[in-house]
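**Q** Structure file start-v1.cif (mmCIF, C-alpha atoms) right here:
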data_work
loop_
_atom_site.label_atom_id
_atom_site.label_comp_id
_atom_site.auth_asym_id
_atom_site.auth_seq_id
_atom_site.Cartn_x
_atom_site.Cartn_y
_atom_site.Cartn_z
CA MET A 1 -7.73 5.50 -15.55
CA THR A 2 -11.27 6.20 -14.35
CA ASP A 3 -13.08 3.62 -12.27
CA ASN A 4 -16.70 3.71 -11.15
CA ARG A 5 -15.98 4.49 -7.51
CA THR A 6 -17.03 7.98 -6.44
CA ILE A 7 -14.14 9.78 -4.77
CA LEU A 8 -15.60 13.29 -4.47
CA GLU A 9 -19.26 14.10 -3.93
CA LEU A 10 -21.13 17.34 -3.33
CA LYS A 11 -24.63 17.23 -1.91
CA GLY A 12 -26.80 20.33 -1.86
CA ILE A 13 -23.94 22.84 -1.60
CA HIS A 14 -25.46 26.28 -1.10
CA LYS A 15 -23.63 29.57 -0.51
CA GLU A 16 -24.80 33.16 -0.26
CA PHE A 17 -22.86 36.40 0.18
CA GLY A 18 -25.42 38.91 1.42
CA ASP A 19 -28.05 39.19 -1.31
CA LEU A 20 -25.90 37.29 -3.82
CA VAL A 21 -26.63 33.58 -4.21
CA ALA A 22 -23.29 32.20 -5.35
CA LEU A 23 -24.21 28.49 -5.37
CA LYS A 24 -27.68 26.97 -5.50
CA GLU A 25 -27.97 23.49 -3.99
CA VAL A 26 -25.14 22.08 -6.11
CA ASP A 27 -24.94 18.30 -6.49
CA LEU A 28 -21.94 16.72 -8.21
CA SER A 29 -20.33 13.29 -8.17
CA ILE A 30 -16.80 12.69 -9.47
CA CYS A 31 -15.21 9.29 -9.98
CA LYS A 32 -11.71 8.24 -8.97
CA GLY A 33 -9.26 8.95 -11.79
CA GLU A 34 -11.67 11.21 -13.66
CA PHE A 35 -10.73 14.45 -15.44
CA PHE A 36 -13.93 16.38 -14.75
CA GLY A 37 -14.68 19.84 -16.11
CA LEU A 38 -16.75 22.63 -14.60
CA LEU A 39 -17.57 24.99 -17.45
CA GLY A 40 -19.05 28.42 -16.93
CA PRO A 41 -18.48 32.16 -17.38
CA ASN A 42 -16.74 34.43 -14.90
CA GLY A 43 -18.96 34.94 -11.87
CA ALA A 44 -20.80 31.63 -12.31
CA GLY A 45 -19.72 30.26 -8.92
CA LYS A 46 -16.76 28.10 -9.97
CA SER A 47 -14.17 29.70 -7.68
CA THR A 48 -16.58 29.77 -4.74
CA LEU A 49 -17.08 26.04 -5.16
CA MET A 50 -13.32 25.44 -5.24
CA LYS A 51 -12.84 27.49 -2.08
CA ILE A 52 -15.45 25.37 -0.32
CA LEU A 53 -13.83 22.14 -1.50
CA SER A 54 -10.39 23.27 -0.36
CA GLY A 55 -11.62 24.49 3.03
CA PHE A 56 -11.06 28.22 2.60
CA ILE A 57 -14.73 29.00 3.17
CA GLU A 58 -17.70 27.07 4.50
CA SER A 59 -20.92 26.44 2.65
CA ASP A 60 -24.19 27.64 4.20
CA SER A 61 -25.63 24.17 3.76
CA GLY A 62 -24.83 20.88 2.10
CA GLU A 63 -22.09 18.29 2.37
CA VAL A 64 -18.70 17.55 0.82
CA LEU A 65 -17.77 13.87 0.89
CA ILE A 66 -14.47 12.18 0.03
CA ASP A 67 -14.71 8.42 -0.38
CA GLY A 68 -18.16 8.56 1.19
CA GLN A 69 -17.02 10.35 4.36
CA THR A 70 -18.31 13.83 5.18
CA VAL A 71 -15.48 16.38 5.28
CA GLY A 72 -15.75 19.19 7.84
CA LEU A 73 -14.20 22.60 7.45
CA HIS A 74 -11.37 21.74 9.86
CA ASP A 75 -10.92 18.09 8.86
CA MET A 76 -7.29 18.52 7.89
CA ALA A 77 -6.55 14.85 7.21
CA ALA A 78 -9.27 14.72 4.57
CA ARG A 79 -8.35 18.15 3.18
CA ARG A 80 -4.77 16.96 2.62
CA ARG A 81 -6.14 14.52 0.06
CA CYS A 82 -6.80 17.55 -2.15
CA GLY A 83 -4.38 19.94 -3.80
CA LEU A 84 -5.57 23.38 -4.92
CA VAL A 85 -4.22 25.25 -7.93
CA PRO A 86 -5.64 28.75 -7.32
CA GLN A 87 -6.63 31.10 -10.11
CA GLU A 88 -4.19 33.72 -8.82
CA ILE A 89 -0.46 33.02 -8.69
CA ALA A 90 0.35 32.09 -5.07
CA LEU A 91 4.16 32.23 -5.00
CA TYR A 92 6.91 34.21 -3.25
CA GLU A 93 8.34 36.14 -6.18
CA SER A 94 11.49 37.30 -4.38
CA LEU A 95 12.49 33.66 -3.75
CA ASN A 96 13.64 31.06 -6.25
CA SER A 97 11.50 28.11 -7.30
CA LEU A 98 13.26 25.61 -5.03
CA GLU A 99 12.88 27.90 -2.02
CA ASN A 100 9.18 28.26 -2.80
CA LEU A 101 8.72 24.51 -2.86
CA ARG A 102 10.62 24.11 0.41
CA ILE A 103 8.30 26.60 2.14
CA PHE A 104 5.18 24.82 0.97
CA ALA A 105 6.70 21.43 1.83
CA ARG A 106 7.11 22.63 5.42
CA LEU A 107 3.49 23.77 5.46
CA TYR A 108 2.53 20.25 4.34
CA LYS A 109 4.85 18.88 7.09
CA LEU A 110 6.80 16.76 4.61
CA PRO A 111 10.06 15.18 5.90
CA HIS A 112 13.11 17.02 4.55
CA LYS A 113 14.47 14.19 2.37
CA GLN A 114 11.04 13.47 0.91
CA ALA A 115 10.48 17.16 0.22
CA GLU A 116 13.82 17.55 -1.56
CA ALA A 117 13.27 14.47 -3.71
CA ARG A 118 9.71 15.46 -4.53
CA SER A 119 10.73 19.03 -5.41
CA GLU A 120 13.40 17.79 -7.81
CA GLU A 121 10.98 15.33 -9.41
CA LEU A 122 8.29 17.94 -9.94
CA LEU A 123 10.60 20.70 -11.18
CA LYS A 124 12.03 18.30 -13.75
CA SER A 125 8.53 17.21 -14.81
CA VAL A 126 7.62 20.79 -15.82
CA GLY A 127 11.01 21.73 -17.27
CA LEU A 128 12.05 24.08 -14.45
CA TRP A 129 14.88 22.15 -12.81
CA GLU A 130 17.55 24.14 -14.62
CA ARG A 131 15.87 27.33 -13.37
CA ARG A 132 15.55 26.16 -9.75
CA ASN A 133 17.90 28.86 -8.43
CA ASP A 134 16.31 31.74 -10.37
CA ARG A 135 13.94 34.07 -8.58
CA VAL A 136 10.30 33.64 -9.51
CA LYS A 137 9.91 37.30 -10.44
CA GLU A 138 12.23 36.59 -13.40
CA PHE A 139 9.94 33.85 -14.71
CA SER A 140 7.50 34.21 -17.60
CA GLY A 141 3.78 33.92 -16.93
CA GLY A 142 3.75 30.34 -18.19
CA MET A 143 6.67 29.32 -15.95
CA LYS A 144 4.92 30.81 -12.92
CA ARG A 145 1.77 28.90 -13.78
CA ARG A 146 3.70 25.62 -14.01
CA LEU A 147 5.36 26.26 -10.66
CA ASN A 148 1.98 27.20 -9.18
CA ILE A 149 0.63 23.81 -10.26
CA ILE A 150 3.43 21.65 -8.88
CA VAL A 151 3.24 23.38 -5.48
CA SER A 152 -0.21 21.81 -5.16
CA LEU A 153 1.20 18.36 -5.93
CA LEU A 154 4.04 18.31 -3.40
CA HIS A 155 2.10 16.19 -0.90
CA ASN A 156 0.85 13.68 -3.51
CA PRO A 157 -2.87 14.47 -3.26
CA ASP A 158 -5.52 12.12 -4.61
CA ILE A 159 -7.59 15.00 -6.01
CA LEU A 160 -6.31 18.09 -7.82
CA LEU A 161 -8.58 21.14 -7.83
CA CYS A 162 -7.59 23.39 -10.75
CA ASP A 163 -9.28 26.79 -10.70
CA GLU A 164 -8.72 28.25 -14.19
CA PRO A 165 -4.98 27.40 -14.13
CA THR A 166 -4.18 28.81 -17.59
CA VAL A 167 -5.41 32.38 -17.15
CA GLY A 168 -3.06 34.84 -18.84
CA VAL A 169 -0.67 32.36 -20.46
CA ASP A 170 0.33 32.00 -24.11
CA PRO A 171 -0.89 29.06 -26.24
CA GLN A 172 2.43 27.20 -26.04
CA SER A 173 2.50 27.38 -22.24
CA ARG A 174 -1.16 26.42 -22.11
CA ASN A 175 -0.51 23.29 -24.14
CA ALA A 176 2.43 22.40 -21.87
CA ILE A 177 0.10 22.66 -18.86
CA PHE A 178 -2.49 20.49 -20.61
CA ASP A 179 0.12 17.83 -21.41
CA PHE A 180 1.35 17.82 -17.81
CA LEU A 181 -2.13 17.51 -16.29
CA GLU A 182 -3.17 14.81 -18.75
CA ALA A 183 -0.05 12.81 -17.88
CA ARG A 184 -0.79 13.07 -14.14
CA ASN A 185 -4.38 12.03 -14.80
CA ARG A 186 -3.21 8.95 -16.72
CA GLU A 187 -1.19 8.04 -13.61
CA GLY A 188 -4.42 8.01 -11.59
CA LEU A 189 -4.79 11.58 -10.31
CA THR A 190 -8.40 12.78 -10.11
CA VAL A 191 -8.73 16.28 -11.56
CA LEU A 192 -11.55 18.79 -11.12
CA TYR A 193 -10.90 21.55 -13.63
CA THR A 194 -12.80 24.84 -13.86
CA THR A 195 -12.69 26.96 -17.00
CA HIS A 196 -14.59 29.47 -19.10
CA TYR A 197 -12.69 28.35 -22.21
CA MET A 198 -14.82 25.94 -24.25
CA GLU A 199 -11.77 24.55 -26.08
CA GLU A 200 -10.13 23.58 -22.78
CA ALA A 201 -13.16 21.61 -21.65
CA GLU A 202 -13.49 19.96 -25.05
CA ARG A 203 -9.88 18.78 -25.01
CA LEU A 204 -9.43 17.79 -21.39
CA CYS A 205 -12.72 16.71 -19.88
CA PRO A 206 -14.76 13.75 -21.16
CA ARG A 207 -17.43 14.60 -18.59
CA ILE A 208 -18.47 18.13 -17.68
CA ALA A 209 -20.98 20.17 -15.72
CA ILE A 210 -22.22 23.50 -17.07
CA ILE A 211 -22.72 26.13 -14.37
CA ASP A 212 -24.25 29.61 -14.57
CA HIS A 213 -25.38 31.93 -11.75
CA GLY A 214 -24.60 29.19 -9.24
CA ASP A 215 -26.85 26.61 -10.94
CA ILE A 216 -25.72 23.35 -12.52
CA LEU A 217 -27.64 23.44 -15.80
CA ALA A 218 -26.36 20.20 -17.33
CA CYS A 219 -23.97 17.41 -16.36
CA GLY A 220 -22.72 14.37 -18.22
CA GLU A 221 -20.43 13.04 -20.91
CA GLN A 222 -19.73 15.67 -23.56
CA LYS A 223 -20.93 13.40 -26.34
CA GLU A 224 -24.09 12.56 -24.42
CA LEU A 225 -24.90 16.22 -23.69
CA LEU A 226 -24.47 17.16 -27.34
CA ARG A 227 -26.57 14.18 -28.44
CA LYS A 228 -29.36 15.37 -26.15
CA ALA A 229 -29.31 18.85 -27.66
CA ASP A 230 -32.54 19.72 -29.43
CA PHE A 231 -30.65 20.31 -32.67
CA GLU A 232 -28.49 18.01 -34.80
CA ARG A 233 -26.53 20.85 -36.35
CA GLU A 234 -25.79 24.49 -35.72
CA ILE A 235 -26.05 27.02 -38.51
CA VAL A 236 -23.79 30.04 -38.13
CA ILE A 237 -24.59 33.17 -40.17
CA ARG A 238 -21.89 35.81 -40.43
CA LYS A 239 -23.30 39.29 -39.76
CA GLY A 240 -23.59 41.68 -42.66
CA PRO A 241 -25.84 44.23 -44.40
CA ASP A 242 -29.32 43.60 -45.82
CA GLN A 243 -30.06 40.51 -43.71
CA GLU A 244 -33.22 41.64 -41.88
CA SER A 245 -35.82 39.79 -43.97
CA PHE A 246 -33.70 36.66 -44.19
CA LEU A 247 -33.16 36.59 -40.40
CA ALA A 248 -36.85 37.19 -39.73
CA GLY A 249 -37.70 34.17 -41.87
CA LEU A 250 -35.16 31.99 -40.11
CA LYS A 251 -37.11 32.11 -36.84
CA GLN A 252 -39.65 29.64 -38.23
CA HIS A 253 -36.83 27.09 -38.65
CA GLY A 254 -35.66 27.02 -35.04
CA GLU A 255 -34.12 29.09 -32.29
CA LEU A 256 -32.10 32.09 -33.53
CA MET A 257 -29.59 33.71 -31.20
CA GLU A 258 -27.34 36.68 -31.73
CA ASP A 259 -23.63 36.39 -30.94
CA GLU A 260 -20.95 39.06 -31.17
CA LEU A 261 -20.02 38.59 -34.83
CA VAL A 262 -22.55 35.99 -35.97
CA TYR A 263 -26.07 34.71 -35.60
CA ARG A 264 -26.57 31.11 -34.49
CA LEU A 265 -29.55 29.04 -35.57
CA MET A 266 -30.41 25.86 -33.67
CA PRO A 267 -32.77 24.25 -36.23
CA SER A 268 -35.91 22.37 -35.16
CA SER A 269 -36.23 18.69 -36.03
CA LYS A 270 -38.68 19.57 -38.82
CA SER A 271 -36.40 22.14 -40.43
CA ARG A 272 -34.69 21.29 -43.72
CA LEU A 273 -31.32 22.72 -44.69
CA SER A 274 -32.50 23.09 -48.30
CA GLU A 275 -35.23 25.48 -47.17
CA ILE A 276 -32.70 27.66 -45.40
CA TYR A 277 -30.49 27.80 -48.47
CA SER A 278 -33.54 28.69 -50.58
CA ALA A 279 -34.37 31.55 -48.22
CA LEU A 280 -30.77 32.72 -48.43
CA GLU A 281 -30.93 32.71 -52.23
CA SER A 282 -34.29 34.52 -52.27
CA ALA A 283 -32.80 37.26 -50.08
CA GLY A 284 -29.96 37.69 -52.57
CA LEU A 285 -27.32 36.80 -50.00
CA PRO A 286 -24.14 34.78 -50.74
CA TYR A 287 -23.84 31.19 -49.55
CA GLU A 288 -20.47 32.05 -48.00
CA ILE A 289 -22.05 33.82 -45.02
CA LEU A 290 -23.56 30.54 -43.85
CA ASP A 291 -21.63 27.75 -42.09
CA VAL A 292 -23.15 24.43 -40.98
CA ARG A 293 -21.47 22.84 -37.95
CA PRO A 294 -22.15 20.01 -35.51
CA PRO A 295 -23.40 21.12 -32.07
CA SER A 296 -20.65 22.49 -29.80
CA LEU A 297 -20.37 23.20 -26.10
CA GLU A 298 -20.52 26.90 -26.98
CA SER A 299 -23.85 26.54 -28.79
CA LEU A 300 -25.21 24.26 -26.05
CA PHE A 301 -24.26 26.84 -23.40
CA LEU A 302 -25.85 29.60 -25.46
CA LYS A 303 -29.06 27.61 -25.74
CA LEU A 304 -29.17 26.78 -22.02
CA THR A 305 -28.42 30.29 -20.78
CA GLY A 306 -29.26 32.71 -23.57
CA HIS A 307 -25.82 34.32 -23.44
CA ARG A 308 -22.28 33.58 -24.56
CA LEU A 309 -19.83 31.68 -22.39
CA ARG A 310 -17.41 34.62 -22.21
CA ASP A 311 -19.91 37.44 -21.70
#
Is it possible to give me this structure as structure tokens?

**A**
Amino acid sequence: MTDNRTILELKGIHKEFGDLVALKEVDLSICKGEFFGLLGPNGAGKSTLMKILSGFIESDSGEVLIDGQTVGLHDMAARRRCGLVPQEIALYESLNSLENLRIFARLYKLPHKQAEARSEELLKSVGLWERRNDRVKEFSGGMKRRLNIIVSLLHNPDILLCDEPTVGVDPQSRNAIFDFLEARNREGLTVLYTTHYMEEAERLCPRIAIIDHGDILACGEQKELLRKADFEREIVIRKGPDQESFLAGLKQHGELMEDELVYRLMPSSKSRLSEIYSALESAGLPYEILDVRPPSLESLFLKLTGHRLRD
């Protein structure tokens, strides 16, 4: 359950790699017990931010605070309050799952009895207890992802940093990961979740920040962000032949953007849907090519950045 106390705060986080500005004065505030989403395309700066939060790299400027206390790069006590689920699988594939957990438990300096009990608890929670003696290299991609996640929870962190934890898994495994993370969040775990999948953010994260080229472009409750969009509905036009004159006329009704398979119109407040249908009829085009939808995170991202989320 989310309370109003800020547990994780970023103030002016800036990071450059040579001529590349990876993060531009990023400010974020995350409440205790929140499931917060960071939504952006590949290369937006999400992983760089996670590496800074977990202590793998240092920002050029800015502060990371946990419970109001500034966390230095080598402040290990504060860093232990976070668990990182990296985007890449970070497991010893020649060892079995239990052996992997024992190695990481020693790195966390967990007492042996506590480590054994915690390993059993976590393996059972993700359905891997019966496979505890099987080598990781024999696991499916989804099983490896689940093991990758519970490694980060061995030491009972207060904050879980998930850096695109479902990359390369099938839909069934992805849903199992969602269910597991949602259950941990209901128990009070704070989750910061990065993704370039709109549907993941929509399902998991009541509050999100949209990031692109290192900039936070919008931050807030999903419903609030969509309410603040300049359009009440999105009109999607399936691409096809003989649409040039119709599309040219649509520009007077709002902002028209081209996607891979469709055009997206974000109508102005003065635009009437009946006028758009009349223009469609005048162009001799079928009604079936047009779909009216409520605003989505995808259309909001497209409007903010001018490009698709997965470009």

**Q** If we count all atoms listed in the file, what is near Ser94 (chain A) at a cut-off of 9 Å, once residues fewer than 3 positions away on the same chain are taken out, given as number ranges by chain?

**A** A: 91, 135-137

**Q** Please determine, counting all atoms listed in the file, which residue among A:Ser54, A:Ser268, A:Asn42, A:Ser299 has the shortest atom-to-atom distance to Leu73 (chain A).

**A**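 Of A:Ser54, A:Ser268, A:Asn42, A:Ser299, the one nearest Leu73 (chain A), counting all atoms listed in the file, is A:Ser54.
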
**Q** Restricting the calculation to only C-alpha atoms: of A:Ser274, A:Gln69, A:Gln243, A:Thr166, which residue gets closest to Asn148 (chain A)?

**A** A:Thr166

**Q** Could you name the residues that touch Asn4 (chain A) at 12 Å or less, counting only C-alpha atoms, but leaving out those on the same chain fewer than 5 positions away, as an NGL selection string?

**A** :A and (29-34 or 67)

**Q** Identify which of the residues A:Ala90, A:Leu304, A:Ala209, A:Leu98 lies closest to His196 (chain A), counting only C-alpha atoms when measuring atom-to-atom distances.

**A**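 The closest residue to His196 (chain A) is A:Ala209.
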
**Q** One number please: CA of His213 (chain A) to CA of Leu23 (chain A), in Å, one decimal.

**A** 7.3 Å

**Q** Run the PyMOL selection byres ((chain A and resi 251-264) around 6) on the file and write out the hits as a ChimeraX atom specification.

**A** /A:235-239,248-250,265-268,271

**Q** Expand the PyMOL selection byres ((chain A and resi 115) around 10) into the individual residues it matches in the shown file, reporting them as JSON, numbers by chain.

**A** {"A": [101, 102, 103, 104, 105, 106, 108, 109, 110, 111, 112, 113, 114, 116, 117, 118, 119, 120, 121, 154, 155]}

**Q** Please, could you write that set of residues out with C-alpha atoms as an mmCIF file, in the coordinates of the input?

**A**
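part.cif, freshly written:
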data_model
loop_
_atom_site.group_PDB
_atom_site.id
_atom_site.type_symbol
_atom_site.label_atom_id
_atom_site.label_comp_id
_atom_site.auth_asym_id
_atom_site.auth_seq_id
_atom_site.Cartn_x
_atom_site.Cartn_y
_atom_site.Cartn_z
ATOM 1 C CA LEU A 101 8.720 24.510 -2.860
ATOM 2 C CA ARG A 102 10.620 24.110 0.410
ATOM 3 C CA ILE A 103 8.300 26.600 2.140
ATOM 4 C CA PHE A 104 5.180 24.820 0.970
ATOM 5 C CA ALA A 105 6.700 21.430 1.830
ATOM 6 C CA ARG A 106 7.110 22.630 5.420
ATOM 7 C CA TYR A 108 2.530 20.250 4.340
ATOM 8 C CA LYS A 109 4.850 18.880 7.090
ATOM 9 C CA LEU A 110 6.800 16.760 4.610
ATOM 10 C CA PRO A 111 10.060 15.180 5.900
ATOM 11 C CA HIS A 112 13.110 17.020 4.550
ATOM 12 C CA LYS A 113 14.470 14.190 2.370
ATOM 13 C CA GLN A 114 11.040 13.470 0.910
ATOM 14 C CA GLU A 116 13.820 17.550 -1.560
ATOM 15 C CA ALA A 117 13.270 14.470 -3.710
ATOM 16 C CA ARG A 118 9.710 15.460 -4.530
ATOM 17 C CA SER A 119 10.730 19.030 -5.410
ATOM 18 C CA GLU A 120 13.400 17.790 -7.810
ATOM 19 C CA GLU A 121 10.980 15.330 -9.410
ATOM 20 C CA LEU A 154 4.040 18.310 -3.400
ATOM 21 C CA HIS A 155 2.100 16.190 -0.900
#

**Q** State, in Å with one decimal place, the distance from CA of Pro295 (chain A) to CA of Leu204 (chain A).

**A**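 Separating CA of Pro295 (chain A) from CA of Leu204 (chain A) is a distance of 17.9 Å.
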
**Q** Determine the residue set returned by the PyMOL selection byres ((chain A and resi 86) around 12) for the present structure, and present it as a ChimeraX atom specification.

**A** /A:46-51,54,56,83-85,87-91,145-152,160-167,193-194

**Q** For Asp134 (chain A), list every protein, DNA or RNA residue within 9 Å, evaluated using all atoms listed in the file, and leave out those in the same chain fewer than 6 positions away; present the list as a compact mmCIF listing (two decimals) with C-alpha atoms, in the frame of the given file.

**A**
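What ended up in part-v8.txt:
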# COMPACT_ATOMS: atom_id res chain seq x y z
CA LEU A 95 12.49 33.66 -3.75
CA ASN A 96 13.64 31.06 -6.25
CA SER A 97 11.50 28.11 -7.30
CA LEU A 98 13.26 25.61 -5.03

**Q** What separation in Å, quoted to one decimal, exists between CA of Leu247 (chain A) and CA of Leu285 (chain A)?

**A**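 These two atoms are separated by 11.2 Å.
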
**Q** Measuring atom to atom with only C-alpha atoms, identify which of A:Cys205, A:Val64, A:Met198, A:Val292 is nearest to Asn185 (chain A).

**A** A:Cys205

**Q** Using all atoms listed in the file for the distances, tell me which of A:Leu107, A:Leu302, A:Ile13, A:Leu8 is nearest to Glu63 (chain A).

**A**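 Smallest distance to Glu63 (chain A) is found for A:Ile13.
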
**Q** Have a look at A:Leu225, A:Val71, A:Glu9, A:Ser245 and name the one nearest to Ala279 (chain A); count all atoms listed in the file.

**A**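 Selected residue with least distance to Ala279 (chain A): A:Ser245.
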
**Q** Around region 254-266 of chain A, fit a box with edges along x, y and z, padding it by 5 Å on each side, then list its centre and edge lengths in Å to one decimal as lines of an AutoDock Vina configuration file.

**A**
center_x = -27.8
center_y = 32.5
center_z = -33.5
size_x = 25.6
size_y = 23.2
size_z = 15.0

**Q** Kindly provide, as a ChimeraX atom specification, the polymer residues lying within 12 Å of (-29.6, 33.2, -0.5), counting all atoms listed in the file and using the coordinates exactly as they appear in the file.

**A** /A:13-25,59-61,214

**Q** Could you please take those selected residues and save C-alpha atoms as a CSV table (one decimal), keeping the file's coordinate frame?

**A**
chain,number,residue,atom,x,y,z
A,13,ILE,CA,-23.9,22.8,-1.6
A,14,HIS,CA,-25.5,26.3,-1.1
A,15,LYS,CA,-23.6,29.6,-0.5
A,16,GLU,CA,-24.8,33.2,-0.3
A,17,PHE,CA,-22.9,36.4,0.2
A,18,GLY,CA,-25.4,38.9,1.4
A,19,ASP,CA,-28.0,39.2,-1.3
A,20,LEU,CA,-25.9,37.3,-3.8
A,21,VAL,CA,-26.6,33.6,-4.2
A,22,ALA,CA,-23.3,32.2,-5.4
A,23,LEU,CA,-24.2,28.5,-5.4
A,24,LYS,CA,-27.7,27.0,-5.5
A,25,GLU,CA,-28.0,23.5,-4.0
A,59,SER,CA,-20.9,26.4,2.6
A,60,ASP,CA,-24.2,27.6,4.2
A,61,SER,CA,-25.6,24.2,3.8
A,214,GLY,CA,-24.6,29.2,-9.2
